[in-house]
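Working notes for the structure below.
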Number of protein chains: 2
Amino acid sequence: MNYKEKALKIHKDNKGKIEVNSKTPLNTKEDLALLYSPGVAEPCKEIHENELNIYEYTSKGNMVAVITDGTAVLGLGNIGPKAALPVMEGKAILFKTFAGVDAFPICLDTTDTEEIIRTCKLLSPSFGGINLEDISAPRCIEIETRLKTELDIPVFHDDQHGTAIVTLAAIINSLKIVNKEKEQIKICICGTGAAGSSIIKMLYEYGIKDIVAVDEYGILNKDKMEDYDFLKKDLLNYVNKKNIRGTLKDAIKDTDIFIGVSVGGIVSKDMIKSMNTDPIVLAMANPTPEIMPELAIEAGAKIVGTGRSDYPNQVNNVLAFPGIFRGALDAKAKKITKEMMLAASMAIANYIPQDKLSYDNIIPDAMDKGVARSVAASVKSAVK
Amino acid sequence: MNYKEKALKIHKDNKGKIEVNSKTPLNTKEDLALLYSPGVAEPCKEIHENELNIYEYTSKGNMVAVITDGTAVLGLGNIGPKAALPVMEGKAILFKTFAGVDAFPICLDTTDTEEIIRTCKLLSPSFGGINLEDISAPRCIEIETRLKTELDIPVFHDDQHGTAIVTLAAIINSLKIVNKEKEQIKICICGTGAAGSSIIKMLYEYGIKDIVAVDEYGILNKDKMEDYDFLKKDLLNYVNKKNIRGTLKDAIKDTDIFIGVSVGGIVSKDMIKSMNTDPIVLAMANPTPEIMPELAIEAGAKIVGTGRSDYPNQVNNVLAFPGIFRGALDAKAKKITKEMMLAASMAIANYIPQDKLSYDNIIPDAMDKGVARSVAASVKSAVK
């Protein structure tokens, strides 16, 4: 059986990946009377009296909605809400497996920004948190920003911040290996969508201020301001303080770190050679990285990370989101803040002991279930 | 521990009643790669190519949304979506326990009819069916009617049809005991809300045409047409063909069956005495029936059913909805039709063998898990 057949079979064998189970056995007439009518009226009345009791008597406090409109699914693009369901079910089982968080896939049959925001708010009584997923940029930014303001449960857009948190962890550990200080390095990032924009802001927040960003039209700079949407306009507050112009080739020259969240194969060996000493390359386009690890190393890269599981240093969101929600739910946090996200990055980076750090071990293994526990504890203690 | 304390404890012990689990173990890097990125792209592509493949590769085909706005919860009334969550979780575990159907509670933070309809449609990609629950009348009727037309998955409002299906089953068996024919009997029904209106239509469909209905203002009749909402106007097509007027006392006189889906204690012994020989009394107001069984029997009632588990002949929706959805999902039905509902009533009635039928055994035990299997088979074979 080839890989495709295997993937289809594992999805077909049980008709999907999730099920909803009872936490309490229901075998006798008394069980029925206590768990349903008439006994269920008692917790209803308690919640009606004080709505915070919903966290005591229902599953809300451990339940996350994984919400998409299917407009930016994996590398497949706008395939619609139905075709997106396998990814959302996958996310749900990762939440449960890595952090004991119950999660349920909600695939919305609309791409209207206002309608998505409104629907998330209407659904919120059943959920303790919302994980937005695979919604195209820049709409995803507006949806997340608005929901963060308008809801009192944690809202998190994994495609933005999940990748950013793990990327920052990778950079923290890489800098230890090449012995450079965050204040002195220069970064080139290619890709300014959901992931790229969050990476830029997190790096800036962390203290890396010399960042040049590149989109499909070249280096982001103030002269192009008129052509930019709100997202790119905002990014100019964080990048390219010298207002340089040019292409990716110009942007990458003399930088210490290249971050790719764009398309496969666009970085050449010559570009890597034009970087500063001990270049760090995080080429995360999927499934084909911006430059293949072998080529990057031939060209002198000291550390290479990708999004792939078949190379060392896989930047995988699963290191972040389960622990983030576990920590936020445990702390009954109303928001996921910058501080909580930085705490997650630090926890992931510090999960690898100093003496185990090496050029091909800057990020914990995606299957290591201890990471989520460590992230959760760190995130929880960062809640104000 | 008293009953209230027990009910609260069983809800608090596990913080609610439902959890979301993975149907497939996720232990190795290969599991992760097949169940999530990159393998998950394969079922996504198959569904994108042909959306019916969603039933092969996802949990949709076995997943029902239990949707409420919290406006008519149990006997508690409009307690809002948060306080309604324990009931919806209860419904979800009944679906799983009795029929292996996965069900998920959705409590909507709106009472606007159009917005509820729209939201159900937006949510539909993730679900194989929708069970509407505890939405106040007459809005629930409009919501269900519209969704039945506008969606291609089964939609069922349990408060209407669940009660009606079990009530009809009880009547079918009662008539066998008292040896009367459906064409020759007269019925008085008190209560014309969600349950009452569906009972009236199902009885009519079944072949019982002589029905008088009573609301809080007396007998439904054509002279009051101007005061009625669309629901009561419609009911006049089914009831009171002789256009009589009066109160409950006038309505119940000389009838063979009294059906109560109204409020406790409104039926007197004298009213029962005014009924035809061998009166059948289904007094289903909760928790206090329209007349207590002891009193009804003293007054000459031959058969008495209630909504309570501490008396014989409990009319309990759990006999109907799990099997109905099991059958509809197994048949990949696009709607739940009158024929499917009648088939469910027949299956429930016939579940008790002729030689086991008696005045205190007209309805199967609510905990008998064989009922749902029988209902499912019958419903499935009624799908065109």
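In the structure tokens, each chain is lettered A, B, ... as it comes, each chain's residues begin at 1, and ligands are numbered from 1 in order of appearance.
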With a cut-off of 7 Å, could you pull out the residues of chain A touching chain B and give me the nearest pair of atoms for each, distance in Å to one decimal, using only C-alpha atoms, ordered by chain and ascending number, as a tab-separated table?
```
residue	atom	partner	partner_atom	distance
A:Lys4	CA	B:Glu42	CA	6.3
A:Ala7	CA	B:Leu34	CA	5.1
A:Leu8	CA	B:Pro43	CA	5.8
A:His11	CA	B:Tyr57	CA	5.1
A:Lys12	CA	B:Tyr57	CA	4.9
A:Asn14	CA	B:Lys23	CA	6.8
A:Lys15	CA	B:Tyr57	CA	5.1
A:Gly16	CA	B:Thr58	CA	3.5
A:Lys17	CA	B:Lys23	CA	5.2
A:Ile18	CA	B:Ser22	CA	4.7
A:Glu19	CA	B:Asn21	CA	5.4
A:Val20	CA	B:Val20	CA	4.6
A:Asn21	CA	B:Glu19	CA	5.4
A:Ser22	CA	B:Ile18	CA	4.7
A:Lys23	CA	B:Lys17	CA	5.1
A:Thr24	CA	B:Lys17	CA	6.2
A:Thr28	CA	B:Met367	CA	6.9
A:Lys29	CA	B:Met367	CA	6.4
A:Leu34	CA	B:Ala7	CA	5.1
A:Leu35	CA	B:Gly90	CA	6.1
A:Tyr36	CA	B:Gly90	CA	5.4
A:Gly39	CA	B:Ala7	CA	5.2
A:Val40	CA	B:Val87	CA	6.2
A:Glu42	CA	B:Leu8	CA	6.3
A:Pro43	CA	B:Leu8	CA	5.9
A:Cys44	CA	B:Ala83	CA	4.7
A:Lys45	CA	B:Ala83	CA	6.9
A:Ile47	CA	B:Ala83	CA	5.0
A:His48	CA	B:Ala83	CA	5.1
A:Glu51	CA	B:Lys82	CA	6.9
A:Ile54	CA	B:Lys82	CA	6.8
A:Glu56	CA	B:Lys15	CA	5.5
A:Tyr57	CA	B:Lys12	CA	4.9
A:Thr58	CA	B:Gly16	CA	3.5
A:Ser59	CA	B:Gly16	CA	4.4
A:Ile79	CA	B:His48	CA	6.1
A:Pro81	CA	B:Pro125	CA	6.5
A:Lys82	CA	B:Pro125	CA	5.5
A:Ala83	CA	B:Cys44	CA	4.7
A:Ala84	CA	B:Cys44	CA	6.1
A:Leu85	CA	B:Ser126	CA	6.9
A:Pro86	CA	B:Thr58	CA	6.0
A:Val87	CA	B:Val40	CA	6.2
A:Gly90	CA	B:Tyr36	CA	5.4
A:Ile93	CA	B:Ser22	CA	5.3
A:Lys96	CA	B:Asn21	CA	6.8
A:Asp102	CA	B:Val20	CA	5.2
A:Ala103	CA	B:Val20	CA	6.4
A:Pro105	CA	B:Ser126	CA	7.0
A:Ile106	CA	B:Ser126	CA	6.0
A:Cys107	CA	B:Ser126	CA	5.7
A:Leu108	CA	B:Leu122	CA	5.1
A:Asp109	CA	B:Leu122	CA	4.6
A:Thr110	CA	B:Leu122	CA	6.5
A:Thr119	CA	B:Thr119	CA	6.7
A:Leu122	CA	B:Asp109	CA	4.6
A:Leu123	CA	B:Leu108	CA	5.4
A:Pro125	CA	B:Lys82	CA	5.5
A:Ser126	CA	B:Cys107	CA	5.7
A:Met367	CA	B:Lys29	CA	6.4
```
Open item on the list: DSSP on the backbone, strand (DSSP E) only: what residues of region 21-195 of chain B does that give? Format it as a ChimeraX atom specification.
Closed with: /B:21-22,63-68,102-107,129-132,155-157,187-190
Just write the chosen residues, N, CA and C atoms, as a short mmCIF file (atom, residue, chain, number, x, y, z; two decimals), in the first residue's frame.
```cif
data_model
loop_
_atom_site.label_atom_id
_atom_site.label_comp_id
_atom_site.auth_asym_id
_atom_site.auth_seq_id
_atom_site.Cartn_x
_atom_site.Cartn_y
_atom_site.Cartn_z
N ASN B 21 -13.32 11.95 21.86
CA ASN B 21 -12.18 11.04 21.82
C ASN B 21 -11.77 10.72 20.39
N SER B 22 -10.54 10.25 20.27
CA SER B 22 -10.04 9.78 18.99
C SER B 22 -10.48 8.34 18.78
N MET B 63 -22.74 11.92 13.15
CA MET B 63 -22.66 13.04 14.10
C MET B 63 -23.91 13.93 14.03
N VAL B 64 -24.58 14.07 15.16
CA VAL B 64 -25.80 14.88 15.23
C VAL B 64 -25.55 16.10 16.12
N ALA B 65 -25.99 17.26 15.66
CA ALA B 65 -25.93 18.47 16.49
C ALA B 65 -27.20 18.56 17.32
N VAL B 66 -27.04 18.72 18.62
CA VAL B 66 -28.20 18.94 19.50
C VAL B 66 -28.25 20.44 19.77
N ILE B 67 -29.18 21.12 19.10
CA ILE B 67 -29.15 22.58 19.06
C ILE B 67 -30.32 23.19 19.84
N THR B 68 -29.99 24.15 20.68
CA THR B 68 -31.03 24.87 21.44
C THR B 68 -30.70 26.35 21.50
N ASP B 102 -23.09 9.61 17.66
CA ASP B 102 -22.32 10.69 18.27
C ASP B 102 -23.16 11.97 18.21
N ALA B 103 -23.24 12.66 19.30
CA ALA B 103 -24.03 13.90 19.30
C ALA B 103 -23.30 14.96 20.09
N PHE B 104 -23.43 16.21 19.63
CA PHE B 104 -22.68 17.30 20.25
C PHE B 104 -23.63 18.47 20.57
N PRO B 105 -23.53 19.01 21.81
CA PRO B 105 -24.42 20.08 22.23
C PRO B 105 -24.00 21.45 21.69
N ILE B 106 -24.94 22.13 21.06
CA ILE B 106 -24.70 23.48 20.56
C ILE B 106 -25.76 24.39 21.19
N CYS B 107 -25.32 25.28 22.08
CA CYS B 107 -26.24 26.20 22.75
C CYS B 107 -26.03 27.60 22.16
N GLY B 129 -26.86 15.25 10.95
CA GLY B 129 -28.25 15.49 11.30
C GLY B 129 -28.33 16.57 12.36
N ILE B 130 -29.54 17.14 12.51
CA ILE B 130 -29.75 18.19 13.51
C ILE B 130 -30.95 17.82 14.37
N ASN B 131 -30.74 17.77 15.69
CA ASN B 131 -31.82 17.57 16.63
C ASN B 131 -32.08 18.88 17.34
N LEU B 132 -33.20 19.52 17.03
CA LEU B 132 -33.56 20.77 17.71
C LEU B 132 -34.15 20.44 19.07
N VAL B 155 -33.48 16.74 9.92
CA VAL B 155 -33.72 17.71 10.99
C VAL B 155 -34.94 17.24 11.76
N PHE B 156 -34.85 17.27 13.08
CA PHE B 156 -35.90 16.69 13.92
C PHE B 156 -36.03 17.53 15.17
N HIS B 157 -37.25 17.94 15.48
CA HIS B 157 -37.44 18.68 16.72
C HIS B 157 -38.06 17.73 17.74
N ILE B 187 -60.90 11.88 20.80
CA ILE B 187 -59.77 12.27 21.66
C ILE B 187 -59.88 13.72 22.08
N CYS B 188 -59.56 14.00 23.35
CA CYS B 188 -59.40 15.37 23.84
C CYS B 188 -57.94 15.58 24.17
N ILE B 189 -57.34 16.60 23.59
CA ILE B 189 -55.94 16.91 23.92
C ILE B 189 -55.86 18.30 24.53
N CYS B 190 -55.16 18.39 25.64
CA CYS B 190 -54.99 19.67 26.32
C CYS B 190 -53.54 20.11 26.19
#
```
Task: Test item, alpha helix (DSSP H) assignment across region 167-222 of chain A, answer as a PyMOL selection string - done: chain A and resi 167-178+194-206
How would the residues just chosen look if you wrote them out with N, CA, C and O atoms as a CSV table (one decimal), in the first residue's frame?
```csv
chain,number,residue,atom,x,y,z
A,167,THR,N,8.5,28.7,15.9
A,167,THR,CA,9.6,29.3,15.2
A,167,THR,C,10.5,30.1,16.2
A,167,THR,O,11.8,30.0,16.1
A,168,LEU,N,9.9,30.9,17.1
A,168,LEU,CA,10.7,31.6,18.0
A,168,LEU,C,11.5,30.7,18.9
A,168,LEU,O,12.7,30.9,19.2
A,169,ALA,N,10.9,29.6,19.3
A,169,ALA,CA,11.6,28.6,20.2
A,169,ALA,C,12.8,28.1,19.4
A,169,ALA,O,13.9,28.0,20.0
A,170,ALA,N,12.7,27.8,18.1
A,170,ALA,CA,13.8,27.3,17.3
A,170,ALA,C,14.9,28.4,17.2
A,170,ALA,O,16.1,28.1,17.3
A,171,ILE,N,14.5,29.6,17.1
A,171,ILE,CA,15.5,30.7,17.0
A,171,ILE,C,16.2,30.9,18.3
A,171,ILE,O,17.4,31.1,18.3
A,172,ILE,N,15.5,30.8,19.4
A,172,ILE,CA,16.1,31.0,20.7
A,172,ILE,C,17.2,29.9,20.9
A,172,ILE,O,18.4,30.2,21.3
A,173,ASN,N,16.9,28.7,20.6
A,173,ASN,CA,17.9,27.6,20.7
A,173,ASN,C,19.0,27.7,19.7
A,173,ASN,O,20.2,27.5,20.0
A,174,SER,N,18.7,28.1,18.5
A,174,SER,CA,19.7,28.3,17.4
A,174,SER,C,20.8,29.4,17.8
A,174,SER,O,22.0,29.2,17.6
A,175,LEU,N,20.3,30.5,18.4
A,175,LEU,CA,21.2,31.5,18.8
A,175,LEU,C,22.1,31.1,19.9
A,175,LEU,O,23.3,31.5,19.9
A,176,LYS,N,21.7,30.2,20.7
A,176,LYS,CA,22.6,29.6,21.8
A,176,LYS,C,23.7,28.9,21.1
A,176,LYS,O,24.9,29.0,21.5
A,177,ILE,N,23.4,28.1,20.0
A,177,ILE,CA,24.4,27.3,19.4
A,177,ILE,C,25.4,28.1,18.6
A,177,ILE,O,26.6,27.9,18.7
A,178,VAL,N,24.9,29.1,17.9
A,178,VAL,CA,25.9,30.0,17.1
A,178,VAL,C,26.4,31.1,17.9
A,178,VAL,O,27.2,31.9,17.4
A,194,ALA,N,-0.6,34.8,7.3
A,194,ALA,CA,-1.0,34.5,8.7
A,194,ALA,C,0.2,34.2,9.6
A,194,ALA,O,0.5,34.9,10.6
A,195,ALA,N,1.0,33.2,9.2
A,195,ALA,CA,2.1,32.8,10.0
A,195,ALA,C,3.2,33.9,10.0
A,195,ALA,O,3.7,34.3,11.0
A,196,GLY,N,3.5,34.4,8.8
A,196,GLY,CA,4.6,35.4,8.7
A,196,GLY,C,4.4,36.6,9.5
A,196,GLY,O,5.3,37.1,10.3
A,197,SER,N,3.1,37.1,9.5
A,197,SER,CA,2.9,38.4,10.3
A,197,SER,C,3.0,38.1,11.8
A,197,SER,O,3.5,39.0,12.5
A,198,SER,N,2.5,36.9,12.2
A,198,SER,CA,2.6,36.7,13.6
A,198,SER,C,4.1,36.4,14.1
A,198,SER,O,4.5,36.9,15.1
A,199,ILE,N,4.9,35.8,13.2
A,199,ILE,CA,6.3,35.6,13.5
A,199,ILE,C,7.0,36.9,13.7
A,199,ILE,O,7.7,37.1,14.6
A,200,ILE,N,6.7,37.8,12.7
A,200,ILE,CA,7.4,39.1,12.8
A,200,ILE,C,7.1,39.8,14.1
A,200,ILE,O,8.0,40.3,14.8
A,201,LYS,N,5.8,39.8,14.5
A,201,LYS,CA,5.4,40.5,15.7
A,201,LYS,C,6.0,39.8,17.0
A,201,LYS,O,6.4,40.5,17.9
A,202,MET,N,6.1,38.5,17.0
A,202,MET,CA,6.6,37.8,18.1
A,202,MET,C,8.1,38.0,18.2
A,202,MET,O,8.6,38.2,19.3
A,203,LEU,N,8.8,38.0,17.1
A,203,LEU,CA,10.3,38.3,17.1
A,203,LEU,C,10.5,39.7,17.7
A,203,LEU,O,11.4,39.9,18.5
A,204,TYR,N,9.7,40.6,17.2
A,204,TYR,CA,9.9,42.0,17.7
A,204,TYR,C,9.6,42.1,19.2
A,204,TYR,O,10.4,42.7,19.9
A,205,GLU,N,8.6,41.5,19.6
A,205,GLU,CA,8.2,41.4,21.0
A,205,GLU,C,9.3,40.8,21.8
A,205,GLU,O,9.7,41.3,22.9
A,206,TYR,N,10.0,39.8,21.3
A,206,TYR,CA,11.0,39.1,22.0
A,206,TYR,C,12.3,39.9,22.1
A,206,TYR,O,13.2,39.7,22.9
```
- [ ] With a distance cut-off of 9 Å and only C-alpha atoms, select the neighbouring residues of Glu339 (chain A), excluding the residue or stretch itself and same-chain residues fewer than 5 positions from it, and output the selection as a PyMOL selection string.
- [x] chain A and resi 344+379+382-383
Task: Non-local contacts of region 241-251 of chain B (6 Å; only C-alpha atoms; under 4 positions in same chain excluded) as a PyMOL selection string - done: chain B and resi 218-219+221
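With only C-alpha atoms taken into account, the protein and nucleic acid residues at most 10 Å from Ser381 (chain A) (excluding it and anything under 2 positions from it in its own chain) are A:Gly327, A:Ala328, A:Ala331, A:Glu339, A:Met340, A:Ala343, A:Val375, A:Ala376, A:Ala377, A:Ser378, A:Val379, A:Val383, A:Lys384.
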